[in-house]
>>> print(open('structure-v4.pdb').read())   # PDB, C-alpha atoms
ATOM      1  CA  MET A  16     134.256 187.766 182.942
ATOM      2  CA  ARG A  17     135.757 190.900 181.491
ATOM      3  CA  THR A  18     134.465 194.412 182.038
ATOM      4  CA  LYS A  19     135.572 197.669 180.481
ATOM      5  CA  LYS A  20     135.814 200.805 182.561
ATOM      6  CA  SER A  21     135.916 204.196 180.927
ATOM      7  CA  ILE A  22     138.580 206.460 182.500
ATOM      8  CA  GLY A  23     139.353 209.623 180.480
ATOM      9  CA  LYS A  24     142.426 210.635 182.459
ATOM     10  CA  LYS A  25     145.248 212.703 180.990
ATOM     11  CA  ILE A  26     148.454 210.714 181.238
ATOM     12  CA  LEU A  27     150.776 213.719 181.316
ATOM     13  CA  SER A  28     148.537 215.827 183.559
ATOM     14  CA  ALA A  29     151.371 216.297 186.066
ATOM     15  CA  ASN A  30     153.521 217.893 183.345
ATOM     16  CA  GLU A  31     150.604 220.077 182.241
ATOM     17  CA  GLU A  32     149.994 221.326 185.773
ATOM     18  CA  TYR A  33     153.621 222.385 186.135
ATOM     19  CA  ALA A  34     153.548 223.981 182.660
ATOM     20  CA  LEU A  35     150.488 226.012 183.648
ATOM     21  CA  LYS A  36     152.154 227.180 186.875
ATOM     22  CA  ASN A  37     155.292 228.188 184.945
ATOM     23  CA  LYS A  38     153.168 230.105 182.432
ATOM     24  CA  GLN A  39     151.377 231.958 185.252
ATOM     25  CA  LEU A  40     154.646 232.796 187.028
ATOM     26  CA  LEU A  41     156.174 234.174 183.817
ATOM     27  CA  ALA A  42     153.031 236.164 183.015
ATOM     28  CA  GLU A  43     152.905 237.687 186.529
ATOM     29  CA  HIS A  44     156.518 238.787 186.218
ATOM     30  CA  LYS A  45     156.011 239.836 182.557
ATOM     31  CA  LYS A  46     159.006 237.779 181.438
ATOM     32  CA  LEU A  47     159.513 236.525 177.924
ATOM     33  CA  CYS A  48     160.554 232.854 177.944
ATOM     34  CA  LEU A  49     161.657 231.145 174.725
ATOM     35  CA  ASN A  50     162.085 227.379 174.427
ATOM     36  CA  MET A  51     164.807 226.618 171.843
ATOM     37  CA  ILE A  52     164.447 223.303 170.063
ATOM     38  CA  SER A  53     166.751 221.783 167.455
ATOM     39  CA  SER A  54     168.876 218.791 166.543
ATOM     40  CA  PRO A  55     172.205 218.366 168.390
ATOM     41  CA  GLY A  56     174.942 220.523 166.888
ATOM     42  CA  SER A  57     172.727 223.144 165.243
ATOM     43  CA  GLY A  58     174.503 225.879 167.222
ATOM     44  CA  LYS A  59     172.003 226.767 169.982
ATOM     45  CA  THR A  60     174.676 227.519 172.592
ATOM     46  CA  THR A  61     176.764 229.607 170.172
ATOM     47  CA  ILE A  62     173.663 231.560 169.139
ATOM     48  CA  LEU A  63     172.794 232.205 172.790
ATOM     49  CA  SER A  64     176.337 233.232 173.777
ATOM     50  CA  ARG A  65     176.564 235.726 170.936
ATOM     51  CA  THR A  66     173.055 237.049 171.534
ATOM     52  CA  ILE A  67     173.719 237.589 175.259
ATOM     53  CA  SER A  68     177.068 239.328 174.638
ATOM     54  CA  GLU A  69     175.746 241.622 171.925
ATOM     55  CA  LEU A  70     172.524 242.542 173.749
ATOM     56  CA  LYS A  71     173.965 242.892 177.246
ATOM     57  CA  ASP A  72     173.546 246.669 177.284
ATOM     58  CA  ARG A  73     169.937 246.426 176.093
ATOM     59  CA  ILE A  74     168.276 243.470 177.882
ATOM     60  CA  ARG A  75     169.144 241.102 180.698
ATOM     61  CA  ILE A  76     169.056 237.442 179.688
ATOM     62  CA  GLY A  77     169.074 234.253 181.791
ATOM     63  CA  VAL A  78     169.373 230.704 180.480
ATOM     64  CA  ILE A  79     168.073 227.296 181.549
ATOM     65  CA  GLU A  80     170.337 224.681 179.986
ATOM     66  CA  GLY A  81     169.054 221.182 179.338
ATOM     67  CA  ASP A  82     171.633 218.526 178.697
ATOM     68  CA  ILE A  83     171.807 214.794 179.057
ATOM     69  CA  GLN A  84     174.931 214.749 181.202
ATOM     70  CA  THR A  85     177.423 217.597 181.211
ATOM     71  CA  ASP A  86     177.337 221.250 182.237
ATOM     72  CA  LEU A  87     179.606 222.365 179.376
ATOM     73  CA  ASP A  88     176.882 224.530 177.826
ATOM     74  CA  ALA A  89     176.001 226.274 181.103
ATOM     75  CA  GLU A  90     179.679 227.094 181.583
ATOM     76  CA  LYS A  91     179.846 228.649 178.103
ATOM     77  CA  ILE A  92     176.799 230.781 178.950
ATOM     78  CA  ARG A  93     178.209 231.819 182.360
ATOM     79  CA  ALA A  94     181.394 232.947 180.583
ATOM     80  CA  THR A  95     179.264 235.706 178.987
ATOM     81  CA  GLY A  96     178.273 236.907 182.480
ATOM     82  CA  ALA A  97     174.649 235.726 182.259
ATOM     83  CA  PRO A  98     173.099 233.483 184.922
ATOM     84  CA  ALA A  99     172.645 229.891 183.731
ATOM     85  CA  ILE A 100     170.958 226.970 185.480
ATOM     86  CA  GLN A 101     172.003 223.527 184.301
ATOM     87  CA  ILE A 102     169.520 220.665 184.238
ATOM     88  CA  ASN A 103     170.916 217.208 183.572
ATOM     89  CA  THR A 104     168.238 214.889 182.255
ATOM     90  CA  ASN A 105     170.372 211.760 182.811
ATOM     91  CA  GLY A 106     169.492 210.144 179.525
ATOM     92  CA  ALA A 107     166.047 211.653 178.941
ATOM     93  CA  CYS A 108     165.601 213.255 175.528
ATOM     94  CA  HIS A 109     163.564 216.295 176.622
ATOM     95  CA  LEU A 110     163.039 218.743 179.462
ATOM     96  CA  SER A 111     159.898 218.484 181.582
ATOM     97  CA  ALA A 112     157.831 221.320 183.059
ATOM     98  CA  ALA A 113     158.722 220.247 186.627
ATOM     99  CA  GLN A 114     162.420 220.721 185.856
ATOM    100  CA  ILE A 115     161.711 224.200 184.470
ATOM    101  CA  SER A 116     159.661 225.069 187.548
ATOM    102  CA  SER A 117     162.595 224.292 189.813
ATOM    103  CA  ALA A 118     165.086 226.120 187.536
ATOM    104  CA  LEU A 119     162.888 229.243 187.426
ATOM    105  CA  LYS A 120     163.074 229.384 191.240
ATOM    106  CA  GLN A 121     166.863 229.403 191.065
ATOM    107  CA  LEU A 122     167.077 232.251 188.528
ATOM    108  CA  PRO A 123     167.006 235.890 189.684
ATOM    109  CA  LEU A 124     163.725 236.485 187.771
ATOM    110  CA  ASP A 125     163.269 240.124 188.855
ATOM    111  CA  ASP A 126     166.665 241.007 187.384
ATOM    112  CA  LEU A 127     165.924 239.483 183.972
ATOM    113  CA  ASP A 128     163.948 240.500 180.876
ATOM    114  CA  LEU A 129     164.258 237.320 178.879
ATOM    115  CA  ILE A 130     164.760 233.652 179.757
ATOM    116  CA  PHE A 131     165.950 231.160 177.181
ATOM    117  CA  ILE A 132     165.406 227.455 177.680
ATOM    118  CA  GLU A 133     167.971 225.504 175.683
ATOM    119  CA  ASN A 134     166.239 222.158 175.295
ATOM    120  CA  VAL A 135     168.037 218.824 174.838
ATOM    121  CA  GLY A 136     169.198 218.481 171.227
ATOM    122  CA  ASN A 137     166.370 216.515 169.600
ATOM    123  CA  LEU A 138     163.834 217.527 166.934
ATOM    124  CA  VAL A 139     161.046 215.163 167.996
ATOM    125  CA  CYS A 140     160.548 214.585 171.728
ATOM    126  CA  PRO A 141     160.876 218.126 173.153
ATOM    127  CA  SER A 142     157.977 219.407 171.041
ATOM    128  CA  ALA A 143     155.646 216.953 172.834
ATOM    129  CA  PHE A 144     156.280 218.544 176.258
ATOM    130  CA  GLU A 145     154.842 221.961 177.038
ATOM    131  CA  LEU A 146     157.047 223.764 179.535
ATOM    132  CA  GLY A 147     154.929 226.860 180.111
ATOM    133  CA  GLU A 148     157.155 228.945 177.822
ATOM    134  CA  THR A 149     155.931 232.065 176.003
ATOM    135  CA  GLY A 150     156.944 230.557 172.680
ATOM    136  CA  LYS A 151     159.128 228.036 170.901
ATOM    137  CA  VAL A 152     162.087 228.941 168.687
ATOM    138  CA  ALA A 153     163.272 226.284 166.244
ATOM    139  CA  VAL A 154     166.867 226.210 165.033
ATOM    140  CA  LEU A 155     167.829 224.467 161.806
ATOM    141  CA  SER A 156     171.395 224.563 160.529
ATOM    142  CA  VAL A 157     172.607 224.419 156.952
ATOM    143  CA  PRO A 158     174.543 221.090 157.211
ATOM    144  CA  GLU A 159     171.361 219.307 158.366
ATOM    145  CA  GLY A 160     169.768 219.850 154.952
ATOM    146  CA  ASP A 161     166.716 221.784 153.797
ATOM    147  CA  ASP A 162     164.358 218.785 153.961
ATOM    148  CA  LYS A 163     164.049 218.794 157.754
ATOM    149  CA  PRO A 164     160.845 220.907 157.908
ATOM    150  CA  ILE A 165     159.100 218.264 155.782
ATOM    151  CA  LYS A 166     160.561 215.323 157.678
ATOM    152  CA  TYR A 167     160.023 216.727 161.193
ATOM    153  CA  PRO A 168     157.072 219.097 160.739
ATOM    154  CA  ALA A 169     155.785 219.225 164.349
ATOM    155  CA  ILE A 170     158.269 221.733 165.729
ATOM    156  CA  PHE A 171     158.200 223.972 162.631
ATOM    157  CA  ALA A 172     154.388 224.043 162.702
ATOM    158  CA  ARG A 173     154.347 225.340 166.298
ATOM    159  CA  ALA A 174     157.363 227.660 166.540
ATOM    160  CA  LYS A 175     157.088 231.445 166.774
ATOM    161  CA  ALA A 176     160.461 231.882 165.103
ATOM    162  CA  LEU A 177     162.942 229.846 163.094
ATOM    163  CA  LEU A 178     166.665 230.517 162.996
ATOM    164  CA  ILE A 179     168.417 229.054 159.957
ATOM    165  CA  ASN A 180     171.970 228.945 161.316
ATOM    166  CA  LYS A 181     175.407 228.459 159.728
ATOM    167  CA  ILE A 182     174.543 230.334 156.528
ATOM    168  CA  ASP A 183     178.277 231.064 156.225
ATOM    169  CA  MET A 184     178.582 227.419 155.096
ATOM    170  CA  LEU A 185     176.484 228.152 152.013
ATOM    171  CA  GLN A 186     179.477 229.981 150.596
ATOM    172  CA  THR A 187     182.280 227.643 151.651
ATOM    173  CA  GLY A 188     183.079 225.116 148.961
ATOM    174  CA  GLY A 189     179.474 224.559 147.920
ATOM    175  CA  GLN A 190     179.180 221.327 149.864
ATOM    176  CA  ALA A 191     176.064 222.356 151.689
ATOM    177  CA  ASP A 192     172.919 221.056 150.032
ATOM    178  CA  PHE A 193     170.582 223.669 151.357
ATOM    179  CA  ASP A 194     168.131 225.879 149.499
ATOM    180  CA  ILE A 195     167.045 228.608 151.921
ATOM    181  CA  GLU A 196     164.053 229.566 149.782
ATOM    182  CA  ARG A 197     162.854 225.961 149.728
ATOM    183  CA  ALA A 198     163.148 225.683 153.517
ATOM    184  CA  LYS A 199     161.276 228.970 154.009
ATOM    185  CA  ARG A 200     158.539 227.897 151.598
ATOM    186  CA  ASP A 201     158.060 224.527 153.297
ATOM    187  CA  VAL A 202     157.967 226.070 156.780
ATOM    188  CA  ARG A 203     155.501 228.781 155.759
ATOM    189  CA  LYS A 204     153.154 226.146 154.307
ATOM    190  CA  LEU A 205     152.837 224.817 157.863
ATOM    191  CA  ASN A 206     153.042 228.074 159.727
ATOM    192  CA  LYS A 207     151.975 231.384 158.182
ATOM    193  CA  THR A 208     152.970 233.608 161.100
ATOM    194  CA  ILE A 209     156.461 232.240 161.834
ATOM    195  CA  GLU A 210     159.379 234.700 161.728
ATOM    196  CA  ILE A 211     162.355 233.285 159.828
ATOM    197  CA  PHE A 212     165.901 234.569 160.366
ATOM    198  CA  PRO A 213     168.795 233.189 158.268
ATOM    199  CA  ILE A 214     171.866 233.785 160.455
ATOM    200  CA  SER A 215     175.433 232.846 161.142
ATOM    201  CA  ALA A 216     176.186 232.904 164.866
ATOM    202  CA  LYS A 217     179.834 232.485 163.859
ATOM    203  CA  THR A 218     180.216 235.533 161.588
ATOM    204  CA  GLY A 219     177.296 237.557 162.972
ATOM    205  CA  GLU A 220     175.533 237.790 159.607
ATOM    206  CA  GLY A 221     171.772 238.232 159.935
ATOM    207  CA  MET A 222     171.879 238.427 163.745
ATOM    208  CA  GLN A 223     170.614 242.023 163.878
ATOM    209  CA  SER A 224     167.134 241.062 162.590
ATOM    210  CA  TRP A 225     166.910 238.348 165.256
ATOM    211  CA  TYR A 226     167.950 240.874 167.945
ATOM    212  CA  ASN A 227     165.358 243.365 166.720
ATOM    213  CA  TRP A 228     162.664 240.716 167.005
ATOM    214  CA  LEU A 229     163.787 239.794 170.530
ATOM    215  CA  LEU A 230     163.883 243.447 171.654
ATOM    216  CA  LYS A 231     160.447 244.079 170.159
ATOM    217  CA  SER A 232     159.005 240.941 171.801
ATOM    218  CA  VAL A 233     160.390 241.892 175.218
ATOM    219  CA  LYS A 234     159.061 245.440 174.855
ATOM    220  CA  ASN A 235     155.592 244.270 173.771
ATOM    221  CA  LEU A 236     155.338 242.020 176.810
ATOM    222  CA  GLN A 237     156.492 244.627 179.302
ATOM    223  CA  SER A 238     154.415 247.537 178.012
TER     224      SER A 238
ATOM    225  CA  MET B  16     162.725 207.971 173.994
ATOM    226  CA  HIS B  17     160.190 210.096 175.894
ATOM    227  CA  GLU B  18     158.007 206.974 175.732
ATOM    228  CA  THR B  19     159.782 205.773 178.914
ATOM    229  CA  MET B  20     158.398 208.687 180.891
ATOM    230  CA  ILE B  21     154.968 208.259 179.295
ATOM    231  CA  ALA B  22     155.034 204.540 180.188
ATOM    232  CA  GLN B  23     155.761 205.333 183.835
ATOM    233  CA  SER B  24     152.951 207.913 184.037
ATOM    234  CA  LEU B  25     150.616 205.477 182.314
ATOM    235  CA  LEU B  26     151.545 202.706 184.745
ATOM    236  CA  ALA B  27     150.844 205.042 187.678
ATOM    237  CA  ALA B  28     147.418 205.935 186.221
ATOM    238  CA  ILE B  29     146.421 202.308 185.581
ATOM    239  CA  SER B  30     147.737 201.209 189.004
ATOM    240  CA  GLU B  31     145.717 203.933 190.726
ATOM    241  CA  GLU B  32     142.535 202.749 189.042
ATOM    242  CA  THR B  33     143.353 199.079 189.670
ATOM    243  CA  ALA B  34     143.680 199.786 193.405
ATOM    244  CA  LYS B  35     140.058 200.988 193.386
ATOM    245  CA  GLN B  36     138.760 197.881 191.605
ATOM    246  CA  ASN B  37     139.020 194.393 192.943
ATOM    247  CA  ALA B  38     140.127 193.020 189.609
ATOM    248  CA  LYS B  39     143.102 192.370 187.409
ATOM    249  CA  PRO B  40     143.671 194.736 184.461
ATOM    250  CA  VAL B  41     144.136 192.949 181.138
ATOM    251  CA  SER B  42     144.250 195.741 178.610
ATOM    252  CA  ALA B  43     144.165 199.521 178.366
ATOM    253  CA  LYS B  44     143.148 201.844 175.572
ATOM    254  CA  ILE B  45     144.959 205.135 175.189
ATOM    255  CA  SER B  46     144.742 207.893 172.621
ATOM    256  CA  CYS B  47     147.106 210.681 171.656
ATOM    257  CA  GLY B  48     147.564 213.429 169.107
ATOM    258  CA  MET B  49     150.221 213.054 166.429
ATOM    259  CA  LEU B  50     152.341 215.837 167.942
ATOM    260  CA  ASN B  51     152.898 213.684 171.031
ATOM    261  CA  ALA B  52     155.235 211.750 168.748
ATOM    262  CA  VAL B  53     154.481 208.402 170.340
ATOM    263  CA  ASN B  54     155.998 205.324 168.744
ATOM    264  CA  ASP B  55     153.747 202.342 169.530
ATOM    265  CA  GLU B  56     156.455 199.728 169.615
ATOM    266  CA  ILE B  57     158.680 201.742 171.949
ATOM    267  CA  LEU B  58     155.798 202.667 174.251
ATOM    268  CA  CYS B  59     154.647 199.033 174.529
ATOM    269  CA  PHE B  60     158.187 197.882 175.216
ATOM    270  CA  ALA B  61     158.739 200.599 177.844
ATOM    271  CA  PHE B  62     155.398 199.814 179.472
ATOM    272  CA  GLU B  63     156.151 196.104 179.575
ATOM    273  CA  ALA B  64     159.443 196.840 181.324
ATOM    274  CA  ALA B  65     157.884 199.311 183.770
ATOM    275  CA  ALA B  66     154.968 196.985 184.599
ATOM    276  CA  LYS B  67     157.087 193.933 185.306
ATOM    277  CA  ASP B  68     156.386 192.486 188.787
ATOM    278  CA  THR B  69     153.420 194.831 189.322
ATOM    279  CA  LEU B  70     149.669 194.169 189.141
ATOM    280  CA  CYS B  71     149.824 195.589 185.630
ATOM    281  CA  GLU B  72     152.269 193.017 184.315
ATOM    282  CA  GLY B  73     150.962 191.648 181.024
ATOM    283  CA  VAL B  74     148.490 194.489 180.404
ATOM    284  CA  ARG B  75     148.099 194.916 176.652
ATOM    285  CA  LEU B  76     148.092 198.470 175.281
ATOM    286  CA  GLU B  77     145.884 199.631 172.468
ATOM    287  CA  ILE B  78     147.042 202.987 171.097
ATOM    288  CA  GLU B  79     144.912 205.260 168.961
ATOM    289  CA  HIS B  80     146.584 208.159 167.150
ATOM    290  CA  LYS B  81     144.436 211.193 166.515
ATOM    291  CA  GLU B  82     145.094 213.364 163.481
ATOM    292  CA  ILE B  83     146.096 216.976 163.986
ATOM    293  CA  GLN B  84     143.149 219.307 163.536
ATOM    294  CA  ALA B  85     143.251 222.651 161.782
ATOM    295  CA  ARG B  86     140.682 225.351 161.076
ATOM    296  CA  CYS B  87     140.556 226.820 157.573
ATOM    297  CA  LYS B  88     140.588 230.622 157.666
ATOM    298  CA  ASN B  89     138.881 230.777 154.285
ATOM    299  CA  CYS B  90     135.863 228.449 154.651
ATOM    300  CA  LYS B  91     135.965 228.156 158.484
ATOM    301  CA  GLN B  92     135.848 224.344 158.388
ATOM    302  CA  ASN B  93     137.781 222.201 160.870
ATOM    303  CA  PHE B  94     139.687 219.411 159.193
ATOM    304  CA  ASP B  95     142.291 216.675 159.793
ATOM    305  CA  ILE B  96     145.497 218.170 158.488
ATOM    306  CA  LYS B  97     148.302 216.254 156.820
ATOM    307  CA  LEU B  98     151.512 218.092 157.602
ATOM    308  CA  SER B  99     153.082 216.614 154.470
ATOM    309  CA  ASN B 100     150.421 218.349 152.354
ATOM    310  CA  PRO B 101     148.774 221.017 154.481
ATOM    311  CA  LYS B 102     145.596 222.066 152.657
ATOM    312  CA  CYS B 103     141.884 222.398 153.453
ATOM    313  CA  PRO B 104     140.087 219.382 151.874
ATOM    314  CA  VAL B 105     136.932 221.447 151.320
ATOM    315  CA  CYS B 106     138.159 224.624 149.597
ATOM    316  CA  SER B 107     141.860 223.731 149.027
ATOM    317  CA  GLY B 108     142.767 226.875 150.992
ATOM    318  CA  ASP B 109     146.229 226.936 152.517
ATOM    319  CA  ASP B 110     145.619 229.553 155.202
ATOM    320  CA  PHE B 111     144.750 227.743 158.412
ATOM    321  CA  GLU B 112     145.227 227.728 162.143
ATOM    322  CA  LEU B 113     146.502 224.585 163.867
ATOM    323  CA  LEU B 114     144.220 223.568 166.741
ATOM    324  CA  PRO B 115     145.625 222.206 170.020
ATOM    325  CA  ASP B 116     146.850 218.645 169.690
ATOM    326  CA  ALA B 117     144.830 215.876 171.360
ATOM    327  CA  PRO B 118     146.351 215.075 174.766
ATOM    328  CA  LEU B 119     147.661 211.699 175.822
ATOM    329  CA  LEU B 120     144.572 210.133 177.328
ATOM    330  CA  LEU B 121     143.967 206.917 179.232
ATOM    331  CA  GLU B 122     140.576 206.151 177.693
ATOM    332  CA  GLU B 123     139.582 202.785 179.077
ATOM    333  CA  ILE B 124     140.808 199.823 181.113
ATOM    334  CA  GLU B 125     139.544 196.294 180.686
ATOM    335  CA  PHE B 126     139.441 194.227 183.896
ATOM    336  CA  GLU B 127     139.190 190.513 184.437
ATOM    337  CA  THR B 128     136.554 189.824 187.077
ATOM    338  CA  ASP B 129     135.465 186.461 188.472
TER     339      ASP B 129
END
>>> encode(input="structure-v4.pdb", output="structure tokens")
Amino acid sequence: MRTKKSIGKKILSANEEYALKNKQLLAEHKKLCLNMISSPGSGKTTILSRTISELKDRIRIGVIEGDIQTDLDAEKIRATGAPAIQINTNGACHLSAAQISSALKQLPLDDLDLIFIENVGNLVCPSAFELGETGKVAVLSVPEGDDKPIKYPAIFARAKALLINKIDMLQTGGQADFDIERAKRDVRKLNKTIEIFPISAKTGEGMQSWYNWLLKSVKNLQS
Amino acid sequence: MHETMIAQSLLAAISEETAKQNAKPVSAKISCGMLNAVNDEILCFAFEAAAKDTLCEGVRLEIEHKEIQARCKNCKQNFDIKLSNPKCPVCSGDDFELLPDAPLLLEEIEFETD
């Protein structure tokens, strides 16, 4: 005989519990925490290094680096003078809230205004795992093509901000098949309140608007 | 790829329930929102691998995907949103708020009892 038993249990409840604890910890300390999600090679680490260096007299930034194996990215961040905690996921394609909980304990939270989480390069899996962050920031780079918001809508629908990086490549040789207006239009169809910043972390173009948004967000949280 | 971790959590949840029953599980029904980005084939494969040599070996998974819900700011209706064409089906409005995605849920387990 076969019988069916109704269960109704959340499968990722352990991750959710950690995410909730992280959210509470960050709220108590009034810290802004941004979870950066993008494909590999979109320039997350370069964006962070430049942002930290250029804002170091205004706000104090710490970074949690997610990577499958190496600590190359954390080393690049530490070279700017900012504290960086490396998490190696050993093959996993996303960071989990438990990993963030342990990394937050290792960061000098009271000495920081803003914590960036650099997620594992992947446009799909990381958006399925809440980490307890204040908000998500998506990064899309010009060589990836302007069709990514349509093909991978989940992250663009949920992000507070979108950085369109490597806009310097729009001018070099015309090889880049990227229409910024199309990308903006497609993203805004999904997400009316998202802030969009076309930038080049290499040349610095457009970075000031991104900094202004960060400074304003930190100030709003602390006031 | 995150299906591996989901499969392990799912196995733990089914095993916990199986320990309470004096019966062998044969199938399990789970549901999840689209933003969980679960690929059925990968999840079933990962579960099969995780469940090997446990009481859950051979348990068949039935996976239901729930559409993402949104609330239209114009006509205040909740609707299933298609991210490829995000529009309210009632008033064709395009100003909406995305509602929280359905969680990954272990809905039901079917047991074989003598």
>>> residues_around(input="structure-v4.pdb", residues="Ala176 of chain A", least_positions_apart="6", cutoff="7 Å", atoms="all atoms listed in the file", output="VMD selection string")
chain A and resid 152 to 153 209 to 211
>>> resolve_selection(input="structure-v4.pdb", expression="the ChimeraX specification (/A :<9) & /B", output="VMD selection string")
chain B and resid 16 to 21 24 to 25 27 to 28 32 41 45 49 to 53 98 to 102 109 to 113 118 to 129
>>> closest_residue(input="structure-v4.pdb", among="A:Lys38, A:Pro55, A:Asn227, A:Lys91", to="Val154 of chain A", atoms="only C-alpha atoms")
A:Pro55
>>> resolve_selection(input="structure-v4.pdb", expression="the PyMOL selection byres ((chain B and resi 59) around 12)", output="number ranges by chain")
B: 18-19, 21-23, 25-26, 42-45, 53-58, 60-66, 72-78
>>> atom_distance(input="structure-v4.pdb", atom1="atom CA of Asp194 of chain A", atom2="atom CA of Asp161 of chain A")
6.1 Å
>>> atom_distance(input="structure-v4.pdb", atom1="atom CA of Ile83 of chain B", atom2="atom CA of Pro115 of chain B")
8.0 Å
>>> residues_near_point(input="structure-v4.pdb", point="(152.5, 229.4, 185.1)", cutoff="12 Å", atoms="all atoms listed in the file", output="list of chain:residue names")
A:Asn30, A:Glu31, A:Glu32, A:Tyr33, A:Ala34, A:Leu35, A:Lys36, A:Asn37, A:Lys38, A:Gln39, A:Leu40, A:Leu41, A:Ala42, A:Glu43, A:His44, A:Lys45, A:Lys46, A:Cys48, A:Ala112, A:Ala113, A:Ile115, A:Ser116, A:Leu119, A:Glu145, A:Leu146, A:Gly147, A:Glu148, A:Thr149
>>> resolve_selection(input="structure-v4.pdb", expression="the PyMOL selection byres ((chain A and resi 234) around 12)", output="PyMOL selection string")
chain A and resi 45-47+73-74+128-129+227-233+235-238
>>> atom_distance(input="structure-v4.pdb", atom1="atom CA of Asn50 of chain A", atom2="atom CA of Gln121 of chain A")
17.4 Å
>>> axis_aligned_box(input="structure-v4.pdb", around="segment 45-62 of chain A", padding_each_side="6 Å", output="AutoDock Vina command-line options")
--center_x 166.4 --center_y 229.1 --center_z 173.9 --size_x 32.8 --size_y 33.5 --size_z 29.3
>>> build_atoms(input="structure-v4.pdb", residues="segment 67-72 of chain B", atoms="all heavy atoms", output="compact mmCIF listing (two decimals), in the coordinates of the input")
# COMPACT_ATOMS: atom_id res chain seq x y z
N LYS B 67 156.61 195.24 184.84
CA LYS B 67 157.09 193.93 185.31
C LYS B 67 157.01 193.85 186.84
O LYS B 67 157.33 194.80 187.53
CB LYS B 67 158.54 193.73 184.83
CG LYS B 67 158.98 192.29 184.91
CD LYS B 67 160.33 192.12 184.23
CE LYS B 67 160.83 190.71 184.24
NZ LYS B 67 160.56 189.90 185.40
N ASP B 68 156.53 192.73 187.34
CA ASP B 68 156.39 192.49 188.79
C ASP B 68 155.39 193.42 189.47
O ASP B 68 155.46 193.64 190.68
CB ASP B 68 157.75 192.58 189.51
CG ASP B 68 158.71 191.53 189.00
OD1 ASP B 68 158.23 190.44 188.63
OD2 ASP B 68 159.93 191.80 188.94
N THR B 69 154.50 194.05 188.71
CA THR B 69 153.42 194.83 189.32
C THR B 69 152.10 194.17 188.94
O THR B 69 152.07 193.22 188.14
CB THR B 69 153.38 196.29 188.82
OG1 THR B 69 152.88 196.30 187.48
CG2 THR B 69 154.76 196.94 188.84
N LEU B 70 151.00 194.70 189.48
CA LEU B 70 149.67 194.17 189.14
C LEU B 70 149.35 194.37 187.66
O LEU B 70 148.45 193.76 187.11
CB LEU B 70 148.59 194.88 189.97
CG LEU B 70 148.46 194.41 191.43
CD1 LEU B 70 147.46 195.28 192.17
CD2 LEU B 70 148.03 192.94 191.47
N CYS B 71 150.09 195.27 187.04
CA CYS B 71 149.82 195.59 185.63
C CYS B 71 150.68 194.76 184.67
O CYS B 71 150.64 194.97 183.45
CB CYS B 71 150.06 197.07 185.37
SG CYS B 71 148.95 198.11 186.30
N GLU B 72 151.44 193.85 185.20
CA GLU B 72 152.27 193.02 184.32
C GLU B 72 151.36 192.29 183.33
O GLU B 72 150.34 191.71 183.71
CB GLU B 72 153.09 192.01 185.14
CG GLU B 72 154.00 191.18 184.25
CD GLU B 72 155.10 190.44 185.02
OE1 GLU B 72 155.28 190.67 186.22
OE2 GLU B 72 155.77 189.63 184.37
